[in-house]
file protein_14.cif (mmCIF, C-alpha atoms)
data_query
loop_
_atom_site.group_PDB
_atom_site.id
_atom_site.type_symbol
_atom_site.label_atom_id
_atom_site.label_comp_id
_atom_site.auth_asym_id
_atom_site.auth_seq_id
_atom_site.Cartn_x
_atom_site.Cartn_y
_atom_site.Cartn_z
ATOM 1 C CA MET A 1 -29.209 9.771 -13.276
ATOM 2 C CA SER A 2 -27.874 8.290 -16.476
ATOM 3 C CA GLU A 3 -28.628 4.625 -17.072
ATOM 4 C CA THR A 4 -25.292 4.143 -18.806
ATOM 5 C CA PRO A 5 -22.455 2.228 -17.108
ATOM 6 C CA ARG A 6 -20.501 4.043 -14.403
ATOM 7 C CA GLY A 7 -23.504 6.199 -13.509
ATOM 8 C CA GLY A 8 -23.571 9.970 -13.576
ATOM 9 C CA THR A 9 -21.154 12.606 -12.352
ATOM 10 C CA GLU A 10 -22.718 12.504 -8.871
ATOM 11 C CA LEU A 11 -21.120 9.076 -8.407
ATOM 12 C CA ARG A 12 -17.635 10.320 -9.263
ATOM 13 C CA ALA A 13 -15.422 11.956 -6.660
ATOM 14 C CA ASP A 14 -15.084 15.734 -7.027
ATOM 15 C CA CYS A 15 -12.485 16.697 -4.432
ATOM 16 C CA ALA A 16 -12.794 20.391 -5.289
ATOM 17 C CA ARG A 17 -16.329 20.358 -3.841
ATOM 18 C CA CYS A 18 -15.444 18.355 -0.720
ATOM 19 C CA VAL A 19 -13.756 19.383 2.546
ATOM 20 C CA GLY A 20 -11.329 16.489 2.683
ATOM 21 C CA LEU A 21 -13.674 14.086 4.447
ATOM 22 C CA CYS A 22 -11.797 10.957 3.331
ATOM 23 C CA CYS A 23 -8.610 12.441 4.835
ATOM 24 C CA VAL A 24 -10.238 12.961 8.244
ATOM 25 C CA ALA A 25 -13.229 10.688 8.902
ATOM 26 C CA PRO A 26 -11.731 7.174 8.516
ATOM 27 C CA ALA A 27 -8.919 5.660 10.554
ATOM 28 C CA PHE A 28 -5.628 4.632 8.921
ATOM 29 C CA ALA A 29 -3.423 1.815 10.220
ATOM 30 C CA ALA A 30 0.298 1.916 9.452
ATOM 31 C CA SER A 31 0.824 -0.726 6.764
ATOM 32 C CA ALA A 32 1.895 -1.203 3.174
ATOM 33 C CA ASP A 33 -1.064 1.037 2.265
ATOM 34 C CA PHE A 34 -0.483 3.865 4.757
ATOM 35 C CA ALA A 35 2.764 5.212 6.169
ATOM 36 C CA LEU A 36 1.298 6.087 9.568
ATOM 37 C CA ASP A 37 -1.433 5.440 12.096
ATOM 38 C CA LYS A 38 -4.301 7.934 12.057
ATOM 39 C CA PRO A 39 -7.316 7.709 14.374
ATOM 40 C CA ALA A 40 -10.810 8.242 12.985
ATOM 41 C CA GLY A 41 -11.809 11.887 13.063
ATOM 42 C CA LYS A 42 -8.241 13.203 13.106
ATOM 43 C CA PRO A 43 -6.955 15.005 9.996
ATOM 44 C CA CYS A 44 -4.134 13.369 8.096
ATOM 45 C CA PRO A 45 -0.968 15.463 8.590
ATOM 46 C CA ASN A 46 -0.741 15.843 4.819
ATOM 47 C CA LEU A 47 -4.135 17.572 4.597
ATOM 48 C CA GLY A 48 -3.840 21.317 4.032
ATOM 49 C CA ALA A 49 -6.100 24.106 5.243
ATOM 50 C CA ASP A 50 -7.518 24.264 1.708
ATOM 51 C CA SER A 51 -8.756 20.635 2.041
ATOM 52 C CA ARG A 52 -6.154 19.481 -0.475
ATOM 53 C CA CYS A 53 -3.536 16.764 -0.040
ATOM 54 C CA GLY A 54 -0.088 18.315 0.219
ATOM 55 C CA ILE A 55 1.686 15.276 -1.245
ATOM 56 C CA HIS A 56 -0.888 14.115 -3.783
ATOM 57 C CA PRO A 57 1.552 13.727 -6.725
ATOM 58 C CA GLN A 58 3.900 11.648 -4.537
ATOM 59 C CA LEU A 59 1.407 9.539 -2.574
ATOM 60 C CA ARG A 60 2.797 6.201 -3.756
ATOM 61 C CA GLU A 61 6.391 7.265 -3.286
ATOM 62 C CA ARG A 62 5.663 8.619 0.200
ATOM 63 C CA GLY A 63 4.013 5.406 1.419
ATOM 64 C CA PHE A 64 0.309 6.146 0.868
ATOM 65 C CA PRO A 65 -0.799 3.906 -2.025
ATOM 66 C CA GLY A 66 -4.017 3.217 -0.101
ATOM 67 C CA CYS A 67 -5.049 6.813 -0.693
ATOM 68 C CA THR A 68 -4.559 6.502 -4.444
ATOM 69 C CA VAL A 69 -7.082 3.653 -4.734
ATOM 70 C CA PHE A 70 -9.772 5.007 -2.423
ATOM 71 C CA ASP A 71 -12.970 6.147 -4.117
ATOM 72 C CA CYS A 72 -15.837 7.794 -2.272
ATOM 73 C CA PHE A 73 -18.152 7.407 -5.296
ATOM 74 C CA GLY A 74 -19.061 11.087 -4.957
ATOM 75 C CA ALA A 75 -20.109 10.803 -1.305
ATOM 76 C CA GLY A 76 -17.616 13.457 -0.206
ATOM 77 C CA GLN A 77 -19.063 16.301 -2.227
ATOM 78 C CA HIS A 78 -22.608 15.087 -1.583
ATOM 79 C CA VAL A 79 -22.198 15.224 2.204
ATOM 80 C CA THR A 80 -20.370 18.555 1.966
ATOM 81 C CA GLN A 81 -22.576 20.387 -0.503
ATOM 82 C CA VAL A 82 -25.981 18.683 -0.224
ATOM 83 C CA THR A 83 -26.396 17.190 3.229
ATOM 84 C CA PHE A 84 -24.546 19.967 5.062
ATOM 85 C CA GLY A 85 -25.103 22.839 2.628
ATOM 86 C CA GLY A 86 -21.443 23.707 2.141
ATOM 87 C CA ARG A 87 -20.451 23.689 5.802
ATOM 88 C CA ASP A 88 -16.973 22.634 6.895
ATOM 89 C CA TRP A 89 -16.152 20.108 9.617
ATOM 90 C CA ARG A 90 -13.672 22.671 10.968
ATOM 91 C CA ASP A 91 -16.536 24.968 11.967
ATOM 92 C CA ASP A 92 -17.309 23.257 15.287
ATOM 93 C CA PRO A 93 -16.973 19.821 16.930
ATOM 94 C CA ALA A 94 -20.688 19.031 16.556
ATOM 95 C CA THR A 95 -20.564 19.675 12.821
ATOM 96 C CA ALA A 96 -17.440 17.538 12.501
ATOM 97 C CA SER A 97 -18.925 14.585 14.372
ATOM 98 C CA ALA A 98 -22.153 14.723 12.380
ATOM 99 C CA MET A 99 -20.363 15.022 9.026
ATOM 100 C CA PHE A 100 -18.060 12.090 9.708
ATOM 101 C CA ALA A 101 -20.907 9.819 10.839
ATOM 102 C CA THR A 102 -22.992 10.806 7.814
ATOM 103 C CA PHE A 103 -20.090 10.222 5.422
ATOM 104 C CA ALA A 104 -19.769 6.683 6.822
ATOM 105 C CA VAL A 105 -23.332 5.995 5.635
ATOM 106 C CA VAL A 106 -23.432 7.941 2.368
ATOM 107 C CA ARG A 107 -20.217 6.458 1.023
ATOM 108 C CA PRO A 108 -21.517 2.822 0.990
ATOM 109 C CA LEU A 109 -24.885 4.082 -0.286
ATOM 110 C CA HIS A 110 -23.198 5.789 -3.219
ATOM 111 C CA GLU A 111 -21.153 2.663 -3.896
ATOM 112 C CA LEU A 112 -24.342 0.607 -3.906
ATOM 113 C CA LEU A 113 -25.952 3.139 -6.220
ATOM 114 C CA TRP A 114 -23.035 2.701 -8.621
ATOM 115 C CA TYR A 115 -23.506 -1.085 -8.632
ATOM 116 C CA LEU A 116 -27.260 -0.788 -9.108
ATOM 117 C CA THR A 117 -26.749 1.611 -12.013
ATOM 118 C CA GLU A 118 -24.290 -0.821 -13.597
ATOM 119 C CA ALA A 119 -26.779 -3.656 -13.157
ATOM 120 C CA LEU A 120 -29.555 -1.579 -14.701
ATOM 121 C CA ALA A 121 -27.430 -0.950 -17.779
ATOM 122 C CA LEU A 122 -26.725 -4.694 -18.118
ATOM 123 C CA THR A 123 -30.321 -5.833 -17.847
ATOM 124 C CA PRO A 124 -32.787 -5.889 -20.760
ATOM 125 C CA ALA A 125 -36.408 -4.829 -20.433
ATOM 126 C CA GLY A 126 -38.466 -6.979 -18.134
ATOM 127 C CA PRO A 127 -39.396 -7.484 -14.469
ATOM 128 C CA LEU A 128 -35.800 -7.541 -13.216
ATOM 129 C CA ARG A 129 -34.982 -4.269 -14.949
ATOM 130 C CA ASP A 130 -38.101 -2.716 -13.408
ATOM 131 C CA GLU A 131 -36.966 -3.856 -9.949
ATOM 132 C CA LEU A 132 -33.512 -2.462 -10.530
ATOM 133 C CA ARG A 133 -34.908 0.871 -11.689
ATOM 134 C CA ALA A 134 -37.034 1.064 -8.530
ATOM 135 C CA ALA A 135 -33.978 0.173 -6.409
ATOM 136 C CA VAL A 136 -31.956 2.965 -8.025
ATOM 137 C CA GLU A 137 -34.717 5.479 -7.297
ATOM 138 C CA GLU A 138 -35.125 4.265 -3.700
ATOM 139 C CA THR A 139 -31.387 4.423 -3.011
ATOM 140 C CA ARG A 140 -31.073 7.843 -4.611
ATOM 141 C CA ASP A 141 -33.934 9.101 -2.423
ATOM 142 C CA LEU A 142 -32.180 7.776 0.675
ATOM 143 C CA THR A 143 -28.976 9.653 -0.132
ATOM 144 C CA GLY A 144 -31.034 12.844 -0.331
ATOM 145 C CA GLY A 145 -32.238 12.515 3.262
ATOM 146 C CA ASP A 146 -31.118 14.820 6.058
ATOM 147 C CA ALA A 147 -28.136 13.994 8.257
ATOM 148 C CA ASP A 148 -30.216 12.632 11.138
ATOM 149 C CA ALA A 149 -32.161 10.252 8.898
ATOM 150 C CA LEU A 150 -28.998 9.049 7.182
ATOM 151 C CA ARG A 151 -27.221 8.309 10.455
ATOM 152 C CA GLN A 152 -30.172 6.213 11.621
ATOM 153 C CA LEU A 153 -30.084 4.029 8.499
ATOM 154 C CA ASP A 154 -28.796 0.464 8.907
ATOM 155 C CA VAL A 155 -26.775 0.608 5.721
ATOM 156 C CA ASP A 156 -25.523 -2.985 5.980
ATOM 157 C CA ALA A 157 -29.074 -4.318 6.219
ATOM 158 C CA TYR A 158 -30.136 -2.134 3.305
ATOM 159 C CA ARG A 159 -27.292 -3.383 1.123
ATOM 160 C CA GLY A 160 -28.204 -6.935 2.095
ATOM 161 C CA ARG A 161 -31.738 -6.327 0.832
ATOM 162 C CA MET A 162 -30.459 -5.003 -2.505
ATOM 163 C CA ASN A 163 -27.737 -7.577 -3.072
ATOM 164 C CA PRO A 164 -30.026 -10.293 -4.531
ATOM 165 C CA LEU A 165 -30.927 -7.933 -7.378
ATOM 166 C CA LEU A 166 -27.241 -7.486 -8.205
ATOM 167 C CA VAL A 167 -26.699 -11.253 -8.091
ATOM 168 C CA GLN A 168 -29.626 -11.822 -10.453
ATOM 169 C CA ALA A 169 -28.333 -9.190 -12.877
ATOM 170 C CA SER A 170 -24.894 -10.813 -12.839
ATOM 171 C CA GLU A 171 -26.280 -14.297 -13.429
ATOM 172 C CA ARG A 172 -28.406 -13.076 -16.309
ATOM 173 C CA ALA A 173 -25.449 -11.330 -17.944
ATOM 174 C CA ARG A 174 -23.243 -14.432 -17.530
ATOM 175 C CA ALA A 175 -25.891 -16.966 -18.575
ATOM 176 C CA GLY A 176 -24.547 -19.621 -20.902
ATOM 177 C CA GLN A 177 -20.899 -19.029 -19.998
ATOM 178 C CA ASN A 178 -20.647 -21.853 -17.426
ATOM 179 C CA GLY A 179 -18.015 -19.839 -15.599
ATOM 180 C CA VAL A 180 -16.350 -21.234 -12.483
ATOM 181 C CA ASP A 181 -17.795 -20.192 -9.123
ATOM 182 C CA GLN A 182 -15.081 -18.570 -7.007
ATOM 183 C CA ARG A 183 -17.182 -16.299 -4.805
ATOM 184 C CA GLY A 184 -15.099 -15.180 -1.834
ATOM 185 C CA ALA A 185 -12.282 -17.530 -2.832
ATOM 186 C CA ALA A 186 -8.875 -17.093 -1.171
ATOM 187 C CA LEU A 187 -6.608 -16.825 -4.217
ATOM 188 C CA LEU A 188 -3.875 -14.797 -2.547
ATOM 189 C CA GLY A 189 -0.768 -14.942 -4.720
ATOM 190 C CA ALA A 190 -2.275 -17.730 -6.857
ATOM 191 C CA ASP A 191 -0.770 -18.506 -10.254
ATOM 192 C CA LEU A 192 -3.843 -18.325 -12.469
ATOM 193 C CA ARG A 193 -2.124 -18.063 -15.834
ATOM 194 C CA GLY A 194 -3.969 -20.218 -18.314
ATOM 195 C CA ALA A 195 -7.082 -20.468 -16.128
ATOM 196 C CA ASP A 196 -10.456 -20.188 -17.870
ATOM 197 C CA LEU A 197 -12.134 -17.286 -16.081
ATOM 198 C CA VAL A 198 -14.518 -16.151 -18.805
ATOM 199 C CA GLY A 199 -17.888 -15.649 -17.120
ATOM 200 C CA ALA A 200 -16.440 -16.592 -13.712
ATOM 201 C CA ASN A 201 -18.120 -15.567 -10.477
ATOM 202 C CA LEU A 202 -15.350 -13.767 -8.557
ATOM 203 C CA ARG A 203 -17.554 -11.717 -6.243
ATOM 204 C CA GLY A 204 -15.557 -10.864 -3.136
ATOM 205 C CA ALA A 205 -12.607 -13.049 -4.174
ATOM 206 C CA CYS A 206 -9.206 -12.272 -2.645
ATOM 207 C CA LEU A 207 -6.863 -11.934 -5.610
ATOM 208 C CA ILE A 208 -4.130 -9.985 -3.815
ATOM 209 C CA GLY A 209 -0.874 -10.536 -5.682
ATOM 210 C CA ALA A 210 -2.454 -13.141 -7.975
ATOM 211 C CA ASP A 211 -0.782 -13.801 -11.320
ATOM 212 C CA LEU A 212 -3.435 -13.153 -13.959
ATOM 213 C CA ARG A 213 -1.119 -12.435 -16.867
ATOM 214 C CA GLY A 214 -2.809 -13.156 -20.166
ATOM 215 C CA VAL A 215 -6.002 -14.412 -18.498
ATOM 216 C CA ARG A 216 -9.342 -13.774 -20.187
ATOM 217 C CA LEU A 217 -11.805 -12.237 -17.719
ATOM 218 C CA ARG A 218 -14.553 -11.266 -20.124
ATOM 219 C CA LEU A 219 -17.985 -11.335 -18.451
ATOM 220 C CA ALA A 220 -16.368 -12.247 -15.117
ATOM 221 C CA ASP A 221 -18.200 -10.769 -12.118
ATOM 222 C CA LEU A 222 -15.573 -8.793 -10.169
ATOM 223 C CA THR A 223 -17.889 -7.249 -7.578
ATOM 224 C CA GLY A 224 -15.722 -6.415 -4.591
ATOM 225 C CA ALA A 225 -12.815 -8.566 -5.788
ATOM 226 C CA ASP A 226 -9.569 -7.516 -4.090
ATOM 227 C CA LEU A 227 -7.067 -6.922 -6.887
ATOM 228 C CA ARG A 228 -4.335 -5.263 -4.836
ATOM 229 C CA GLY A 229 -1.024 -6.099 -6.438
ATOM 230 C CA ALA A 230 -2.651 -8.531 -8.887
ATOM 231 C CA ASP A 231 -0.659 -8.861 -12.120
ATOM 232 C CA LEU A 232 -2.992 -8.057 -15.022
ATOM 233 C CA ARG A 233 -0.362 -7.674 -17.709
ATOM 234 C CA GLY A 234 -1.805 -8.832 -20.997
ATOM 235 C CA ALA A 235 -5.120 -9.808 -19.379
ATOM 236 C CA ASP A 236 -8.420 -9.286 -21.200
ATOM 237 C CA LEU A 237 -10.975 -7.559 -18.981
ATOM 238 C CA SER A 238 -13.175 -6.330 -21.801
ATOM 239 C CA GLY A 239 -16.770 -6.848 -20.762
ATOM 240 C CA ALA A 240 -15.849 -7.635 -17.141
ATOM 241 C CA LEU A 241 -18.850 -7.037 -14.881
ATOM 242 C CA PHE A 242 -18.906 -4.540 -12.006
ATOM 243 C CA LEU A 243 -15.232 -3.686 -12.438
ATOM 244 C CA HIS A 244 -14.421 -0.312 -10.898
ATOM 245 C CA GLN A 245 -11.489 1.975 -11.659
ATOM 246 C CA SER A 246 -10.251 1.792 -8.069
ATOM 247 C CA GLN A 247 -9.733 -1.971 -8.459
ATOM 248 C CA LEU A 248 -7.498 -1.341 -11.469
ATOM 249 C CA ASP A 249 -5.641 1.403 -9.607
ATOM 250 C CA ALA A 250 -4.746 -1.154 -6.928
ATOM 251 C CA ALA A 251 -3.496 -3.724 -9.466
ATOM 252 C CA ARG A 252 -0.558 -3.939 -11.861
ATOM 253 C CA GLY A 253 -0.810 -4.048 -15.614
ATOM 254 C CA ASP A 254 0.581 -2.745 -18.882
ATOM 255 C CA ARG A 255 -0.526 -1.358 -22.229
ATOM 256 C CA ARG A 256 -1.538 -4.846 -23.379
ATOM 257 C CA THR A 257 -4.177 -5.119 -20.642
ATOM 258 C CA VAL A 258 -7.553 -4.823 -22.365
ATOM 259 C CA LEU A 259 -10.097 -2.795 -20.394
ATOM 260 C CA PRO A 260 -13.779 -1.902 -20.793
ATOM 261 C CA PRO A 261 -14.190 1.378 -22.728
ATOM 262 C CA ALA A 262 -15.217 3.454 -19.692
ATOM 263 C CA LEU A 263 -12.066 2.585 -17.714
ATOM 264 C CA HIS A 264 -8.461 3.652 -18.218
ATOM 265 C CA HIS A 265 -4.960 2.357 -17.604
ATOM 266 C CA PRO A 266 -3.671 3.834 -14.316
ATOM 267 C CA PRO A 267 -0.652 6.141 -14.725
ATOM 268 C CA HIS A 268 1.586 3.936 -12.562
ATOM 269 C CA TRP A 269 1.165 1.040 -15.015
ATOM 270 C CA SER A 270 3.259 2.841 -17.619
ATOM 271 C CA GLY A 271 6.540 1.983 -15.923
ATOM 272 C CA LEU A 272 5.931 -1.764 -15.768
ATOM 273 C CA SER A 273 7.993 -4.241 -17.700
ATOM 274 C CA LEU A 274 6.474 -5.760 -20.818
ATOM 275 C CA THR A 275 7.804 -9.237 -20.036
ATOM 276 C CA PRO A 276 6.196 -11.771 -22.406
ATOM 277 C CA VAL A 277 3.244 -13.562 -20.882
ATOM 278 C CA GLY A 278 4.440 -16.993 -19.722
ATOM 279 C CA ARG A 279 2.775 -20.352 -19.504
ATOM 280 C CA PRO A 280 1.481 -21.747 -16.206
ATOM 281 C CA ARG A 281 4.100 -23.235 -13.895
ATOM 282 C CA PRO A 282 3.630 -26.904 -12.954
ATOM 283 C CA GLY A 283 1.685 -27.232 -9.734
ATOM 284 C CA GLY A 284 0.485 -23.627 -9.788
ATOM 285 C CA ALA A 285 -2.780 -22.848 -8.003
ATOM 286 C CA ARG A 286 -5.905 -23.091 -10.119
ATOM 287 C CA PRO A 287 -9.444 -22.041 -9.406
ATOM 288 C CA GLY A 288 -11.455 -25.006 -8.262
ATOM 289 C CA GLY A 289 -14.975 -25.551 -7.081
ATOM 290 C CA ARG A 290 -18.108 -26.528 -8.887
ATOM 291 C CA ARG A 291 -19.517 -24.612 -11.804
ATOM 292 C CA LYS A 292 -22.660 -22.864 -10.682
ATOM 293 C CA ARG A 293 -24.699 -20.451 -12.687
ATOM 294 C CA ASP A 294 -27.366 -20.152 -10.021
ATOM 295 C CA ALA A 295 -25.048 -19.344 -7.102
ATOM 296 C CA ARG A 296 -26.054 -16.802 -4.512
ATOM 297 C CA ARG A 297 -23.554 -14.829 -2.527
#

call {"tool": "encode", "arguments": {"input": "protein_14.cif", "output": "structure tokens"}}
result
Amino acid sequence: MSETPRGGTELRADCARCVGLCCVAPAFAASADFALDKPAGKPCPNLGADSRCGIHPQLRERGFPGCTVFDCFGAGQHVTQVTFGGRDWRDDPATASAMFATFAVVRPLHELLWYLTEALALTPAGPLRDELRAAVEETRDLTGGDADALRQLDVDAYRGRMNPLLVQASERARAGQNGVDQRGAALLGADLRGADLVGANLRGACLIGADLRGVRLRLADLTGADLRGADLRGADLSGALFLHQSQLDAARGDRRTVLPPALHHPPHWSGLSLTPVGRPRPGGARPGGRRKRDARR
């Protein structure tokens, strides 16, 4: 595996080598993200016999924006081609049940592997980098296990054991920034224009619909931050930590939004207005809390 940011190709979804697992295994609930209810293990009605989505170019227009921001981190093709040797869940009910249960474990493992690889690239030589390298190897070995071993893994407990390494890597990368600590903060719809979020800890923060126009988010830790509908027009996310493409796909932005080199402006951003970035409104919500560089999630 490459030690450059965003990992190797095995951590990127390759739908051509998958059998549509993300369209079958998880449950969908009718909402702003999905146009219908779908139980776990039942194929989406838009899934074709060729394991391709029949409405992929019109997903947003047809009421399925949740599908456009989902990323399996390469777990789909791994379960299909590696764990199950190219078999299809359509072959028999036992295969289907086993594949779906395995996908539910491999997907978070691959996501964790992506984060660990990002952390490794951020961290200079030393004991922490050695620990991160060992964690990458251990996690990669786990993903290579057989289906029975994978289904027996307590993936939540395993992620909990690895999380302190990610926190340490984040703190080291943000050292000296004195960024605000907003871990897990409820900033739903908050007006954050003008806020100083350089080096901020935004791990797990709810930023749904937040107004971040023109905000500088350099070196901000965005691990698991919910950016659905967040307005990033004119924002500076260059150097943002642990920012994934799927988070940008769920947000709004424009050509002025500055992104890290490995990420790209989502196609749906192109139609957004280029309204000049305004100043904060009086009384608008602002990130509070103490400044902590040594915070632990």

call {"tool": "atom_distance", "arguments": {"input": "protein_14.cif", "atom1": "atom CA of Pro65 of chain A", "atom2": "atom CA of Thr83 of chain A"}}
result
29.3 Å

call {"tool": "resolve_selection", "arguments": {"input": "protein_14.cif", "expression": "the PyMOL selection byres ((chain A and resi 56) around 12)", "output": "list in words"}}
result
Cys15, Cys23, Asn46, Leu47, Gly48, Ser51, Arg52, Cys53, Gly54, Ile55, Pro57, Gln58, Leu59, Arg60, Glu61, Arg62, Gly63, Phe64, Pro65, Gly66, Cys67 and Thr68 of chain A

call {"tool": "residues_around", "arguments": {"input": "protein_14.cif", "residues": "segment 92-97 of chain A", "least_positions_apart": "4", "cutoff": "8 Å", "atoms": "all atoms listed in the file", "output": "PyMOL selection string"}}
result
chain A and resi 41+88+101

call {"tool": "write_last_selection", "arguments": {"input": "protein_14.cif", "atoms": "C-alpha atoms", "output": "PDB file, keeping the file's coordinate frame"}}
result
ATOM      1  CA  GLY A  41     -11.809  11.887  13.063  1.00  0.00           C
ATOM      2  CA  ASP A  88     -16.973  22.634   6.895  1.00  0.00           C
ATOM      3  CA  ALA A 101     -20.907   9.819  10.839  1.00  0.00           C
TER       4      ALA A 101
END

call {"tool": "residues_around", "arguments": {"input": "protein_14.cif", "residues": "Arg172 of chain A", "least_positions_apart": "6", "cutoff": "12 Å", "atoms": "only C-alpha atoms", "output": "CSV table (one decimal) with C-alpha atoms, in the coordinates of the input"}}
result
chain,number,residue,atom,x,y,z
A,119,ALA,CA,-26.8,-3.7,-13.2
A,120,LEU,CA,-29.6,-1.6,-14.7
A,122,LEU,CA,-26.7,-4.7,-18.1
A,123,THR,CA,-30.3,-5.8,-17.8
A,124,PRO,CA,-32.8,-5.9,-20.8
A,126,GLY,CA,-38.5,-7.0,-18.1
A,128,LEU,CA,-35.8,-7.5,-13.2
A,129,ARG,CA,-35.0,-4.3,-14.9
A,165,LEU,CA,-30.9,-7.9,-7.4
A,166,LEU,CA,-27.2,-7.5,-8.2
A,178,ASN,CA,-20.6,-21.9,-17.4
A,199,GLY,CA,-17.9,-15.6,-17.1
A,219,LEU,CA,-18.0,-11.3,-18.5
A,221,ASP,CA,-18.2,-10.8,-12.1
A,241,LEU,CA,-18.8,-7.0,-14.9
A,293,ARG,CA,-24.7,-20.5,-12.7
A,294,ASP,CA,-27.4,-20.2,-10.0
A,295,ALA,CA,-25.0,-19.3,-7.1

call {"tool": "resolve_selection", "arguments": {"input": "protein_14.cif", "expression": "the PyMOL selection byres ((chain A and resi 116) around 10)", "output": "number ranges by chain"}}
result
A: 3, 5-7, 110-115, 117-122, 132-137, 139, 162-163, 165-166, 169, 242

call {"tool": "atom_distance", "arguments": {"input": "protein_14.cif", "atom1": "atom CA of Leu11 of chain A", "atom2": "atom CA of His265 of chain A"}}
result
19.8 Å

call {"tool": "residues_around", "arguments": {"input": "protein_14.cif", "residues": "Lys42 of chain A", "least_positions_apart": "3", "cutoff": "9 Å", "atoms": "all atoms listed in the file", "output": "ChimeraX atom specification"}}
result
/A:23-27,38-39,45

call {"tool": "residues_near_point", "arguments": {"input": "protein_14.cif", "point": "(-21.2, 18.7, -0.1)", "cutoff": "12 Å", "atoms": "all atoms listed in the file", "output": "PyMOL selection string"}}
result
chain A and resi 10+13-21+74-89+99+102-103+106+143-144+147

call {"tool": "atom_distance", "arguments": {"input": "protein_14.cif", "atom1": "atom CA of Asp226 of chain A", "atom2": "atom CA of Gln182 of chain A"}}
result
12.7 Å

call {"tool": "axis_aligned_box", "arguments": {"input": "protein_14.cif", "around": "segment 42-45 of chain A", "padding_each_side": "6 Å", "output": "AutoDock Vina command-line options"}}
result
--center_x -4.6 --center_y 14.3 --center_z 10.6 --size_x 19.3 --size_y 14.3 --size_z 17.0

call {"tool": "residues_near_point", "arguments": {"input": "protein_14.cif", "point": "(-10.3, 2.5, -19.2)", "cutoff": "12 Å", "atoms": "only C-alpha atoms", "output": "PyMOL selection string"}}
result
chain A and resi 6+237-240+243-249+255+257-267

call {"tool": "residues_around", "arguments": {"input": "protein_14.cif", "residues": "Ala185 of chain A", "least_positions_apart": "2", "cutoff": "10 Å", "atoms": "all atoms listed in the file", "output": "list in words"}}
result
Asp181, Gln182, Arg183, Leu187, Leu188, Asn201, Leu202, Arg203, Gly204, Ala205, Cys206, Leu207, Ala225, Pro287, Gly288 and Gly289 of chain A

call {"tool": "residues_around", "arguments": {"input": "protein_14.cif", "residues": "Gly253 of chain A", "least_positions_apart": "3", "cutoff": "8 Å", "atoms": "only C-alpha atoms", "output": "list in words"}}
result
Asp231, Leu232, Arg233, Gly234, Arg256, Thr257, His265, Trp269 and Leu272 of chain A

call {"tool": "closest_residue", "arguments": {"input": "protein_14.cif", "among": "A:Gly184, A:Asp191, A:Ala251, A:Ala210", "to": "Thr223 of chain A", "atoms": "all atoms listed in the file"}}
result
A:Gly184
